[in-house]
Amino acid sequence: MPHRPPAPLAAALRGAAALLLAVLAGCGGDREATPAAPTVTARGMTDQIIVQPADDALVRAYQSRSAEFARALAAEAGLPLAAVRQTHAGAHVLALPAPMRLQEVTALTDRLARRTDVAYAEPDTLLQATLIPGDPAFVQQWHLRESSVAAGGINAVDAWDLTTGDPNLVIAVVDSGVLRHAEFGNRLMAGYDFIANTFNANDGNARDTDAADPGDWLTYAEAAELDRTARASSWHGTHVAGTIGATGNNGSGVVGVNWRSRIQPIRVLGKGGGYSSDIADGIVWAAGGTVSGVPANPTPARVINLSLGGEGNCSQTTRNAIQFALGQRAVVVVAAGNDGINASMAQPANCPGVIAVAAVGARGQRSSYSNWGSVVTIAAPGGDPGQDSGVLSLGDSGSQRPANDSSLLAAYGTSMAAPHVAGVVSLILSVNPALGPDEVKVLLQSTARAFPTGTGRDCTTATCGAGIVNAGSAVRAAANATAAPVAAAPQSGVWWNPAESGRGYVIEFRDGKLQFGAYLYDADGRATWVVSGPAAMQAATRYSGPLEAFSGGQTLGGAYQAPSGRSTLGNVTIDFTSATTATFTWPGGTVPIQRFRFAPAGSGVASFAPEGGVWWNPAESGRGFAIEVQDGWAFVAGFMYDGSGQPTWHLAAGPMSSATTFSAPLTQYTGGQTLTGAYRAPTISQPNIGRVSLRFIDTATAELTLPGGRTIPLEKFRIGASAPGVVMPLNQVLTAKLVGIWQMDYTIVSTWQDFFLFNEVRESEIYPGIYNVWGINQYDALALGSWSPELNQHVILASGDTFDDFYTFDLTTPSTLNGCYYLAYRNPTSLSPCYALTGLKLEEIAPLSARSLGLAPALPAATRAATREQEHAQAQASPAQARKAAVLALKPEVDATRRALEALRATRPPQR
């Protein structure tokens with residue numbers, strides 16, 4: 001069913017696949033690098049592994065059966081394994097007899113993962129703080145300043161005019177622990193120490209309620225044993241926490257980004273780093289989850305900072321923890337890493353859903369050590385050795401144990417960049433706590449400052465994310481933003497109408513885009529399917545798009561062939577009333593639908609569940625699968641073509657063979673309900689057309705063995721970049737507010753009145769991820785509207801012959817506006833001054849409504865243009881150059897569409 005997406009989406013899909021398949025490396029070191037993917041080998045050591053049992057009984061009976069499970073695994077591994085503890089997700093942490101190199105441990109866990117009683121197995125990797133020590137004498141915090149002072153600064157001063165933080169907001173610093181520095185006042189919370197290994201903890205015991213940093217120094221002997229470098233204590237967590245939250249305007253020390261919110265220290269890094277299992281437990285606890293043996297967190301965090309990293313793919317343990325945190329609406333900010341390599345090779349920067357932060361220096365250049373690449377979300381100041389004096393924050397003068405002297409420390413690293421972004425996120429949530437993780441991410445990207453050029457090591461959007469974080473613009477945008485309704489975000493997976501068994505639907509929703517597929521029957525009873533999308537939602541709870549049928553594509557067996565036929569059957573509109581209920585209207589009428597619960601009652605909760613929705617093989621565009629696992633039961637529907645080239649579908653359903661495998665016969669149905677007409681139940685025409693077997697590699701990749709024995713790789717079909725079930729992008733939500741009929745009033749010399757009808761929200765053809773609202777004015781001229789992150793305002797551009805009409809405004813209420821009207825010349829070297837603008841929404845309309853303004857213009861278009869230009873000349877006011885960038889952003893799209901419409905009109909015969 002999935003079809004090859006447009007080029008930007010295809011690139012995003014390729015990038016997502018690369019994330020799953022890349023070899024990853026750790027974060028450490030300070031060396032010059034250029035953006036070319038290096039060859040990376042496994043480094044470091046660990047003495048623990050993580051194994052998730054496939055049998056839920058082993059999860060529930062850890063105390064009584066952990067030793068038995070460890071012995072069974074040891075027999076397979078050929079070396080002793082000892083049970084250590086259980087993670088938040090029920091996985092078993094097992095100790096190796098001695099530290100081993102990661103390459104050896106990975107080979108061991110790969111072998112264990114092939115056992116039928118193991119859902120997954122992986123090394124318990126030791127991740128490292130991503131700090132590079134710097135000059136403690138530096139006393140000026142360029143990194144918080146506006147771009148006129150330091151091109152790499154975050155413009156925090158502008159944000160402080162709106163807020164210095166909400167005292168009820170909690171920010172978790174998952175790090176080496178935090179000292180009770182004078183700059184925190186009484187805002188440092190108790191937190192928790194999650195380090196289970198006593199040597200690693202270095203505080204005389206294992207897990208406890210004291211999250212203070214006892215020091216993480218390494219002697220030469222300890223460093224040699226751990227394959228590390230001897231060093232003094234870093235006071236890393238204190239430095240990170242200081243960047244986020246050192247008190248400002250108190251007459252002493254340094255300033256953090258947020259002066260009033262509370263800091264929750266969660267200690268996971270000690271001597272030699274921190275185990276993934278400890279870090280994952282810390283993330284879950286920070287977000288309010290339950291961790292065995294640990295008291296509940298009464299104050300869950302909305303922001304979680306992870307200034308740490310290591311080599312390898314995003315581990316399943318870490319991925320699960322981050323997904324839990326995102327599900328609790330916590331924003332997870334992560335350092336991109338300090339190896340100067342592609343960040344797709346560094347965890348947890350490569351984990352889905354995080355905000356990965358690259359580092360820039362004072363001139364806005366990419367820091368010499370910073371990781372880079374497509375997984376990076378945004379850049380922030382981390383300093384650049386030899387080019388500036390680093391990031392100044394809190395520290396301690398103790399080389400081993402803390403002196404507790406409230407010292408200051410300058411340091412370099414993506415560890416220093418990440419807390420700048422975490423601090424800005426906390427200010428965003430302080431002014432608008434309704435925003436969710438995905439909305440915050442889009443807001444950060446859409447308000448980021450463009451990278452400077454000519455720095456000697458320029459950042460681009462391909463290497464360092466959307467731009468340099470701009471605290472002032474981001475917080476202003478957040479204060480004016482309306483969060484999309486989270487409760488109505490539809491779930492991806494299989495849907496149905498219980499009164500119409502035998503016909504069903506698969507919905508894939510991600511980042512404000514939706515794909516819809518329906519499996520039903522032709523008039524002759526043959527199983528067939530139709531599809532709509534992927535395309536943008538028109539509103540937070542509405543999708544509307546063409547309903548299409550394809551033909552001539554790939555059969556169940558045989559060589560690949562692309563679909564050769566495509567037809568439109570009408571339109572489908574889906575209105576979601578909650579995450580699991582909706583009503584849709586299509587050529588067959590209006591149908592209520594809901595999520596399909598196919599697992600039998602009492603099935604229990606399985607230890608593994610892949611992402612539900614649409615899956616595909618990107619090399620076989622045009623054929624796809626609806627796959628969902630619920631409580632140990634699987635549903636697999638294959639959408640493909642029969643021998644005559646007609647679309648058909650086959651279904652396999654039943655209990656999973658193990659936590660990650662499924663095998664069942666494919667069944668063919670016939671005679672069921674058509675697209676239109678009364679309901680009729682189907683019958684089985686072929687109960688077994690061949691057996692399919694499915695093996696999940698992780699939650700988003702799998703291998704499918706088809707009848708005949710051919711095995712193909714499958715991956716989750718991505719129509720957006722973030723976790724499933726997210727809310728719509730902020731740009732799309734704000735732009736959609738313009739749908740309707742508007743009246744605009746302004747005065748140049750005389751008073752003018754313009755009218756607009758906007759009825760469609762569409763993703764930009766030129767700027768992927770940016771949405772515009774399309775419509776016309778009373779002169780039948782094309783008009784585009786959008787929310788401009790550069791201006792933090794809504795804008796409209798309407799095309800003309802001599803000049804374009806340009807409007808910038810704030811929505812003072814959902815139906816009123818105030819702003820400026822400008823004349824924007826067709827080759828806009830200048831704009832007119834601002835002419836005061838007011839506006840009123842005359843009528844709410846549904847997206848894609850077939851409507852006309854029905855207004856006769858007061859003047860012919862040519863007369864209107866000439867008169868306005870004359871009045872502009874009479875006004876004799878200064879031009880408004882600052883608004884030109886927003887005009888230039890919309891103009892190429894308006895001009896391209898205008899040319900296309902003119903060409904289309906030229907092919908039509910004149911009307912008589």
# chains A, B, ... in the order shown; residues from 1 in each chain; ligands from 1
$ residues_around --residues "stretch 157-167 of chain A" --least-positions-apart "6" --cutoff "9 Å" --atoms "only C-alpha atoms" --output "mmCIF file with N, CA and C atoms, in the first residue's frame"
data_model
loop_
_atom_site.group_PDB
_atom_site.id
_atom_site.type_symbol
_atom_site.label_atom_id
_atom_site.label_comp_id
_atom_site.auth_asym_id
_atom_site.auth_seq_id
_atom_site.Cartn_x
_atom_site.Cartn_y
_atom_site.Cartn_z
ATOM 1 N N LEU A 144 25.379 33.363 26.619
ATOM 2 C CA LEU A 144 24.002 33.746 26.909
ATOM 3 C C LEU A 144 23.585 35.027 26.198
ATOM 4 N N ARG A 145 24.503 35.640 25.466
ATOM 5 C CA ARG A 145 24.261 36.974 24.923
ATOM 6 C C ARG A 145 23.604 36.929 23.552
ATOM 7 N N GLU A 146 23.192 38.123 23.094
ATOM 8 C CA GLU A 146 22.581 38.271 21.792
ATOM 9 C C GLU A 146 23.639 38.168 20.691
ATOM 10 N N ARG A 187 16.552 25.921 45.337
ATOM 11 C CA ARG A 187 15.853 25.318 44.196
ATOM 12 C C ARG A 187 16.406 23.932 43.832
ATOM 13 N N GLY A 248 20.016 34.187 38.647
ATOM 14 C CA GLY A 248 20.450 35.449 38.058
ATOM 15 C C GLY A 248 20.050 36.643 38.896
ATOM 16 N N VAL A 257 20.267 29.877 32.459
ATOM 17 C CA VAL A 257 19.199 30.246 31.544
ATOM 18 C C VAL A 257 17.891 30.455 32.302
ATOM 19 N N ASN A 258 17.625 29.616 33.295
ATOM 20 C CA ASN A 258 16.377 29.677 34.060
ATOM 21 C C ASN A 258 16.719 29.960 35.521
ATOM 22 N N TRP A 259 16.178 31.046 36.096
ATOM 23 C CA TRP A 259 16.570 31.475 37.438
ATOM 24 C C TRP A 259 15.630 30.987 38.530
ATOM 25 N N ARG A 260 14.463 30.427 38.163
ATOM 26 C CA ARG A 260 13.439 30.191 39.185
ATOM 27 C C ARG A 260 12.939 28.745 39.261
ATOM 28 N N SER A 261 13.029 27.991 38.181
ATOM 29 C CA SER A 261 12.520 26.613 38.213
ATOM 30 C C SER A 261 13.427 25.728 39.051
ATOM 31 N N ARG A 262 12.932 24.554 39.391
ATOM 32 C CA ARG A 262 13.651 23.655 40.300
ATOM 33 C C ARG A 262 14.500 22.644 39.534
ATOM 34 N N VAL A 424 16.339 26.706 27.709
ATOM 35 C CA VAL A 424 15.369 27.411 26.868
ATOM 36 C C VAL A 424 14.042 26.653 26.845
ATOM 37 N N SER A 426 12.832 24.889 29.200
ATOM 38 C CA SER A 426 12.158 25.142 30.480
ATOM 39 C C SER A 426 11.490 26.511 30.500
ATOM 40 N N LEU A 427 12.072 27.509 29.834
ATOM 41 C CA LEU A 427 11.430 28.817 29.734
ATOM 42 C C LEU A 427 10.192 28.747 28.835
ATOM 43 N N ILE A 428 10.290 27.968 27.747
ATOM 44 C CA ILE A 428 9.143 27.773 26.855
ATOM 45 C C ILE A 428 7.967 27.186 27.630
ATOM 46 N N LEU A 429 8.242 26.130 28.406
ATOM 47 C CA LEU A 429 7.178 25.480 29.173
ATOM 48 C C LEU A 429 6.717 26.341 30.347
ATOM 49 N N SER A 430 7.552 27.253 30.774
ATOM 50 C CA SER A 430 7.139 28.169 31.844
ATOM 51 C C SER A 430 6.032 29.106 31.372
ATOM 52 N N VAL A 431 6.109 29.535 30.096
ATOM 53 C CA VAL A 431 5.074 30.445 29.589
ATOM 54 C C VAL A 431 3.934 29.689 28.926
ATOM 55 N N ASN A 470 17.524 30.218 19.732
ATOM 56 C CA ASN A 470 17.253 31.634 19.982
ATOM 57 C C ASN A 470 16.222 31.725 21.102
ATOM 58 N N ALA A 471 16.711 31.939 22.312
ATOM 59 C CA ALA A 471 15.829 31.914 23.479
ATOM 60 C C ALA A 471 14.725 32.957 23.381
ATOM 61 N N GLY A 472 15.078 34.177 22.990
ATOM 62 C CA GLY A 472 14.080 35.247 22.928
ATOM 63 C C GLY A 472 12.951 34.929 21.975
ATOM 64 N N SER A 473 13.296 34.529 20.750
ATOM 65 C CA SER A 473 12.269 34.229 19.745
ATOM 66 C C SER A 473 11.447 33.015 20.143
ATOM 67 N N ALA A 474 12.100 31.994 20.692
ATOM 68 C CA ALA A 474 11.390 30.766 21.063
ATOM 69 C C ALA A 474 10.381 31.031 22.171
ATOM 70 N N VAL A 475 10.767 31.790 23.181
ATOM 71 C CA VAL A 475 9.863 32.043 24.300
ATOM 72 C C VAL A 475 8.718 32.954 23.868
ATOM 73 N N ARG A 476 8.999 33.935 23.016
ATOM 74 C CA ARG A 476 7.918 34.789 22.508
ATOM 75 C C ARG A 476 6.915 33.970 21.700
ATOM 76 N N ALA A 479 4.751 31.875 23.974
ATOM 77 C CA ALA A 479 3.735 32.645 24.691
ATOM 78 C C ALA A 479 2.505 32.889 23.830
#
$ residues_around --residues "A:Pro534" --least-positions-apart "6" --cutoff "8 Å" --atoms "only C-alpha atoms" --output "VMD selection string"
chain A and resid 513 to 516 719
$ write_last_selection --atoms "N, CA and C atoms" --output "JSON list (two decimals), in the first residue's frame"
[["chain", "number", "residue", "atom", "x", "y", "z"],
["A", 513, "LYS", "N", 0.75, 14.45, 9.75],
["A", 513, "LYS", "CA", 0.44, 13.84, 8.45],
["A", 513, "LYS", "C", -0.27, 12.52, 8.69],
["A", 514, "LEU", "N", -1.09, 12.12, 7.71],
["A", 514, "LEU", "CA", -1.87, 10.91, 7.88],
["A", 514, "LEU", "C", -1.91, 10.12, 6.58],
["A", 515, "GLN", "N", -1.81, 8.79, 6.71],
["A", 515, "GLN", "CA", -2.09, 7.88, 5.61],
["A", 515, "GLN", "C", -3.24, 6.98, 6.03],
["A", 516, "PHE", "N", -4.18, 6.81, 5.09],
["A", 516, "PHE", "CA", -5.39, 6.03, 5.35],
["A", 516, "PHE", "C", -5.48, 4.93, 4.30],
["A", 719, "ILE", "N", 6.06, 8.60, 7.79],
["A", 719, "ILE", "CA", 5.54, 9.78, 7.11],
["A", 719, "ILE", "C", 5.87, 11.04, 7.90]]
$ residues_around --residues "stretch 90-95 of chain A" --least-positions-apart "6" --cutoff "7 Å" --atoms "only C-alpha atoms" --output "number ranges by chain"
A: 47-53, 59, 81-84
$ write_last_selection --atoms "N, CA and C atoms" --output "short mmCIF file (atom, residue, chain, number, x, y, z; two decimals), in the first residue's frame"
data_model
loop_
_atom_site.label_atom_id
_atom_site.label_comp_id
_atom_site.auth_asym_id
_atom_site.auth_seq_id
_atom_site.Cartn_x
_atom_site.Cartn_y
_atom_site.Cartn_z
N ASP A 47 31.27 -4.60 32.03
CA ASP A 47 31.24 -5.88 32.76
C ASP A 47 29.81 -6.30 33.06
N GLN A 48 28.82 -5.75 32.29
CA GLN A 48 27.43 -6.10 32.49
C GLN A 48 26.72 -6.19 31.16
N ILE A 49 25.65 -7.01 31.12
CA ILE A 49 24.77 -7.08 29.96
C ILE A 49 23.33 -6.92 30.43
N ILE A 50 22.42 -6.62 29.48
CA ILE A 50 20.99 -6.49 29.76
C ILE A 50 20.27 -7.51 28.90
N VAL A 51 19.42 -8.33 29.51
CA VAL A 51 18.66 -9.34 28.78
C VAL A 51 17.19 -9.21 29.16
N GLN A 52 16.33 -9.02 28.15
CA GLN A 52 14.88 -8.95 28.37
C GLN A 52 14.28 -10.32 28.09
N PRO A 53 13.71 -11.00 29.08
CA PRO A 53 13.11 -12.31 28.83
C PRO A 53 11.91 -12.20 27.89
N VAL A 59 9.66 -12.18 33.93
CA VAL A 59 9.65 -10.77 34.33
C VAL A 59 8.99 -10.63 35.69
N LEU A 81 27.62 -16.02 34.48
CA LEU A 81 26.82 -14.80 34.51
C LEU A 81 26.08 -14.76 35.84
N ALA A 82 26.06 -13.61 36.48
CA ALA A 82 25.42 -13.48 37.78
C ALA A 82 24.33 -12.42 37.72
N ALA A 83 23.15 -12.73 38.26
CA ALA A 83 22.05 -11.77 38.30
C ALA A 83 22.42 -10.60 39.21
N VAL A 84 22.23 -9.37 38.71
CA VAL A 84 22.54 -8.16 39.48
C VAL A 84 21.26 -7.49 39.97
#
$ closest_residue --among "A:Gly839, A:Gly553, A:Gly465, A:Pro610" --to "A:Tyr807" --atoms "only C-alpha atoms"
A:Gly839
$ residues_around --residues "A:Lys716" --least-positions-apart "4" --cutoff "9 Å" --atoms "only C-alpha atoms" --output "list of chain:residue names"
A:Glu611, A:Gly612, A:Gly613, A:Val614, A:Trp615, A:Trp616, A:Asn617, A:Thr699, A:Ala700, A:Thr701, A:Ala702
$ select_by_dssp --residues "stretch 92-250 of chain A" --states "strand (DSSP E)" --output "MDAnalysis selection string"
chainID A and resid 92:101 118:123 126:129 132:133 170:175 192:193
$ residues_around --residues "stretch 500-506 of chain A" --least-positions-apart "4" --cutoff "9 Å" --atoms "only C-alpha atoms" --output "number ranges by chain"
A: 492-496, 515-521, 593, 596, 613-614, 626, 669, 672-674, 679-683
$ select_by_dssp --residues "stretch 448-586 of chain A" --states "helix (DSSP H, G or I)" --output "VMD selection string"
chain A and resid 471 to 480 498 to 500
$ write_last_selection --atoms "N, CA and C atoms" --output "PDB file, in the first residue's frame"
ATOM      1  N   ALA A 471      16.711  31.939  22.312  1.00  0.00           N
ATOM      2  CA  ALA A 471      15.829  31.914  23.479  1.00  0.00           C
ATOM      3  C   ALA A 471      14.725  32.957  23.381  1.00  0.00           C
ATOM      4  N   GLY A 472      15.078  34.177  22.990  1.00  0.00           N
ATOM      5  CA  GLY A 472      14.080  35.247  22.928  1.00  0.00           C
ATOM      6  C   GLY A 472      12.951  34.929  21.975  1.00  0.00           C
ATOM      7  N   SER A 473      13.296  34.529  20.750  1.00  0.00           N
ATOM      8  CA  SER A 473      12.269  34.229  19.745  1.00  0.00           C
ATOM      9  C   SER A 473      11.447  33.015  20.143  1.00  0.00           C
ATOM     10  N   ALA A 474      12.100  31.994  20.692  1.00  0.00           N
ATOM     11  CA  ALA A 474      11.390  30.766  21.063  1.00  0.00           C
ATOM     12  C   ALA A 474      10.381  31.031  22.171  1.00  0.00           C
ATOM     13  N   VAL A 475      10.767  31.790  23.181  1.00  0.00           N
ATOM     14  CA  VAL A 475       9.863  32.043  24.300  1.00  0.00           C
ATOM     15  C   VAL A 475       8.718  32.954  23.868  1.00  0.00           C
ATOM     16  N   ARG A 476       8.999  33.935  23.016  1.00  0.00           N
ATOM     17  CA  ARG A 476       7.918  34.789  22.508  1.00  0.00           C
ATOM     18  C   ARG A 476       6.915  33.970  21.700  1.00  0.00           C
ATOM     19  N   ALA A 477       7.436  33.093  20.848  1.00  0.00           N
ATOM     20  CA  ALA A 477       6.547  32.248  20.040  1.00  0.00           C
ATOM     21  C   ALA A 477       5.711  31.333  20.928  1.00  0.00           C
ATOM     22  N   ALA A 478       6.334  30.793  21.971  1.00  0.00           N
ATOM     23  CA  ALA A 478       5.608  29.898  22.879  1.00  0.00           C
ATOM     24  C   ALA A 478       4.493  30.639  23.606  1.00  0.00           C
ATOM     25  N   ALA A 479       4.751  31.875  23.974  1.00  0.00           N
ATOM     26  CA  ALA A 479       3.735  32.645  24.691  1.00  0.00           C
ATOM     27  C   ALA A 479       2.505  32.889  23.830  1.00  0.00           C
ATOM     28  N   ASN A 480       2.703  32.928  22.498  1.00  0.00           N
ATOM     29  CA  ASN A 480       1.582  33.187  21.589  1.00  0.00           C
ATOM     30  C   ASN A 480       0.993  31.920  20.992  1.00  0.00           C
ATOM     31  N   PRO A 498     -17.391  -2.021  14.314  1.00  0.00           N
ATOM     32  CA  PRO A 498     -17.800  -3.340  14.803  1.00  0.00           C
ATOM     33  C   PRO A 498     -19.069  -3.879  14.137  1.00  0.00           C
ATOM     34  N   ALA A 499     -19.908  -2.976  13.593  1.00  0.00           N
ATOM     35  CA  ALA A 499     -21.135  -3.412  12.931  1.00  0.00           C
ATOM     36  C   ALA A 499     -20.895  -3.855  11.498  1.00  0.00           C
ATOM     37  N   GLU A 500     -19.654  -3.680  11.006  1.00  0.00           N
ATOM     38  CA  GLU A 500     -19.328  -4.027   9.618  1.00  0.00           C
ATOM     39  C   GLU A 500     -18.092  -4.913   9.579  1.00  0.00           C
TER      40      GLU A 500
END
$ residues_around --residues "stretch 322-334 of chain A" --least-positions-apart "5" --cutoff "10 Å" --atoms "only C-alpha atoms" --output "ChimeraX atom specification"
/A:171-172,280,283-289,300-309,316-317,347-358,376-377,414-415,417-423,425-426,429,434-441,723,725-726
$ residues_around --residues "A:Asp227" --least-positions-apart "4" --cutoff "12 Å" --atoms "only C-alpha atoms" --output "PDB file with N, CA, C and O atoms, in the first residue's frame"
ATOM      1  N   ARG A  43      34.760   0.690  20.830  1.00  0.00           N
ATOM      2  CA  ARG A  43      35.753   1.031  21.835  1.00  0.00           C
ATOM      3  C   ARG A  43      35.145   0.860  23.204  1.00  0.00           C
ATOM      4  O   ARG A  43      33.950   0.749  23.363  1.00  0.00           O
ATOM      5  N   GLY A  44      35.980   0.840  24.242  1.00  0.00           N
ATOM      6  CA  GLY A  44      35.504   0.784  25.599  1.00  0.00           C
ATOM      7  C   GLY A  44      35.264  -0.630  26.076  1.00  0.00           C
ATOM      8  O   GLY A  44      35.443  -1.613  25.347  1.00  0.00           O
ATOM      9  N   MET A  45      34.859  -0.715  27.333  1.00  0.00           N
ATOM     10  CA  MET A  45      34.653  -2.007  27.974  1.00  0.00           C
ATOM     11  C   MET A  45      33.405  -1.930  28.843  1.00  0.00           C
ATOM     12  O   MET A  45      32.913  -0.851  29.168  1.00  0.00           O
ATOM     13  N   THR A  46      32.887  -3.093  29.189  1.00  0.00           N
ATOM     14  CA  THR A  46      31.801  -3.177  30.160  1.00  0.00           C
ATOM     15  C   THR A  46      31.867  -4.525  30.854  1.00  0.00           C
ATOM     16  O   THR A  46      32.463  -5.470  30.325  1.00  0.00           O
ATOM     17  N   PRO A  99      35.577  -7.372  33.253  1.00  0.00           N
ATOM     18  CA  PRO A  99      35.351  -6.425  32.168  1.00  0.00           C
ATOM     19  C   PRO A  99      35.812  -7.011  30.834  1.00  0.00           C
ATOM     20  O   PRO A  99      36.861  -7.650  30.744  1.00  0.00           O
ATOM     21  N   MET A 100      35.017  -6.801  29.791  1.00  0.00           N
ATOM     22  CA  MET A 100      35.333  -7.286  28.452  1.00  0.00           C
ATOM     23  C   MET A 100      35.172  -6.143  27.464  1.00  0.00           C
ATOM     24  O   MET A 100      34.397  -5.203  27.699  1.00  0.00           O
ATOM     25  N   ARG A 101      35.854  -6.242  26.335  1.00  0.00           N
ATOM     26  CA  ARG A 101      35.716  -5.223  25.299  1.00  0.00           C
ATOM     27  C   ARG A 101      34.332  -5.319  24.655  1.00  0.00           C
ATOM     28  O   ARG A 101      33.764  -6.388  24.513  1.00  0.00           O
ATOM     29  N   LEU A 102      33.805  -4.153  24.269  1.00  0.00           N
ATOM     30  CA  LEU A 102      32.441  -4.104  23.757  1.00  0.00           C
ATOM     31  C   LEU A 102      32.247  -4.995  22.547  1.00  0.00           C
ATOM     32  O   LEU A 102      31.170  -5.556  22.341  1.00  0.00           O
ATOM     33  N   LEU A 126      28.806   1.508  29.104  1.00  0.00           N
ATOM     34  CA  LEU A 126      29.197   2.621  29.963  1.00  0.00           C
ATOM     35  C   LEU A 126      29.261   3.878  29.116  1.00  0.00           C
ATOM     36  O   LEU A 126      30.103   4.017  28.234  1.00  0.00           O
ATOM     37  N   LEU A 218      39.777   9.515  38.315  1.00  0.00           N
ATOM     38  CA  LEU A 218      40.333   8.192  38.023  1.00  0.00           C
ATOM     39  C   LEU A 218      41.839   8.223  38.248  1.00  0.00           C
ATOM     40  O   LEU A 218      42.533   9.093  37.699  1.00  0.00           O
ATOM     41  N   THR A 219      42.332   7.304  39.067  1.00  0.00           N
ATOM     42  CA  THR A 219      43.783   7.155  39.211  1.00  0.00           C
ATOM     43  C   THR A 219      44.330   6.480  37.961  1.00  0.00           C
ATOM     44  O   THR A 219      43.587   5.937  37.136  1.00  0.00           O
ATOM     45  N   TYR A 220      45.663   6.456  37.838  1.00  0.00           N
ATOM     46  CA  TYR A 220      46.273   5.810  36.668  1.00  0.00           C
ATOM     47  C   TYR A 220      45.929   4.325  36.639  1.00  0.00           C
ATOM     48  O   TYR A 220      45.639   3.760  35.582  1.00  0.00           O
ATOM     49  N   ALA A 221      45.911   3.687  37.792  1.00  0.00           N
ATOM     50  CA  ALA A 221      45.597   2.256  37.836  1.00  0.00           C
ATOM     51  C   ALA A 221      44.141   2.010  37.453  1.00  0.00           C
ATOM     52  O   ALA A 221      43.840   1.089  36.684  1.00  0.00           O
ATOM     53  N   GLU A 222      43.224   2.830  37.978  1.00  0.00           N
ATOM     54  CA  GLU A 222      41.817   2.659  37.644  1.00  0.00           C
ATOM     55  C   GLU A 222      41.568   2.922  36.161  1.00  0.00           C
ATOM     56  O   GLU A 222      40.804   2.198  35.494  1.00  0.00           O
ATOM     57  N   ALA A 223      42.232   3.949  35.631  1.00  0.00           N
ATOM     58  CA  ALA A 223      42.062   4.292  34.224  1.00  0.00           C
ATOM     59  C   ALA A 223      42.547   3.165  33.319  1.00  0.00           C
ATOM     60  O   ALA A 223      41.918   2.836  32.315  1.00  0.00           O
ATOM     61  N   GLY A 272      34.422   6.180  35.699  1.00  0.00           N
ATOM     62  CA  GLY A 272      34.397   5.409  34.469  1.00  0.00           C
ATOM     63  C   GLY A 272      33.164   5.599  33.632  1.00  0.00           C
ATOM     64  O   GLY A 272      33.036   5.000  32.565  1.00  0.00           O
ATOM     65  N   GLY A 273      32.190   6.401  34.072  1.00  0.00           N
ATOM     66  CA  GLY A 273      30.993   6.645  33.292  1.00  0.00           C
ATOM     67  C   GLY A 273      29.747   6.115  33.969  1.00  0.00           C
ATOM     68  O   GLY A 273      29.661   6.051  35.200  1.00  0.00           O
TER      69      GLY A 273
END
$ atom_distance --atom1 "atom CA of A:Arg228" --atom2 "atom CA of A:Gly204"
21.9 Å
$ atom_distance --atom1 "atom CA of A:Ala599" --atom2 "atom CA of A:Gln668"
20.6 Å
$ atom_distance --atom1 "atom CA of A:Val178" --atom2 "atom CA of A:Asn320"
25.7 Å
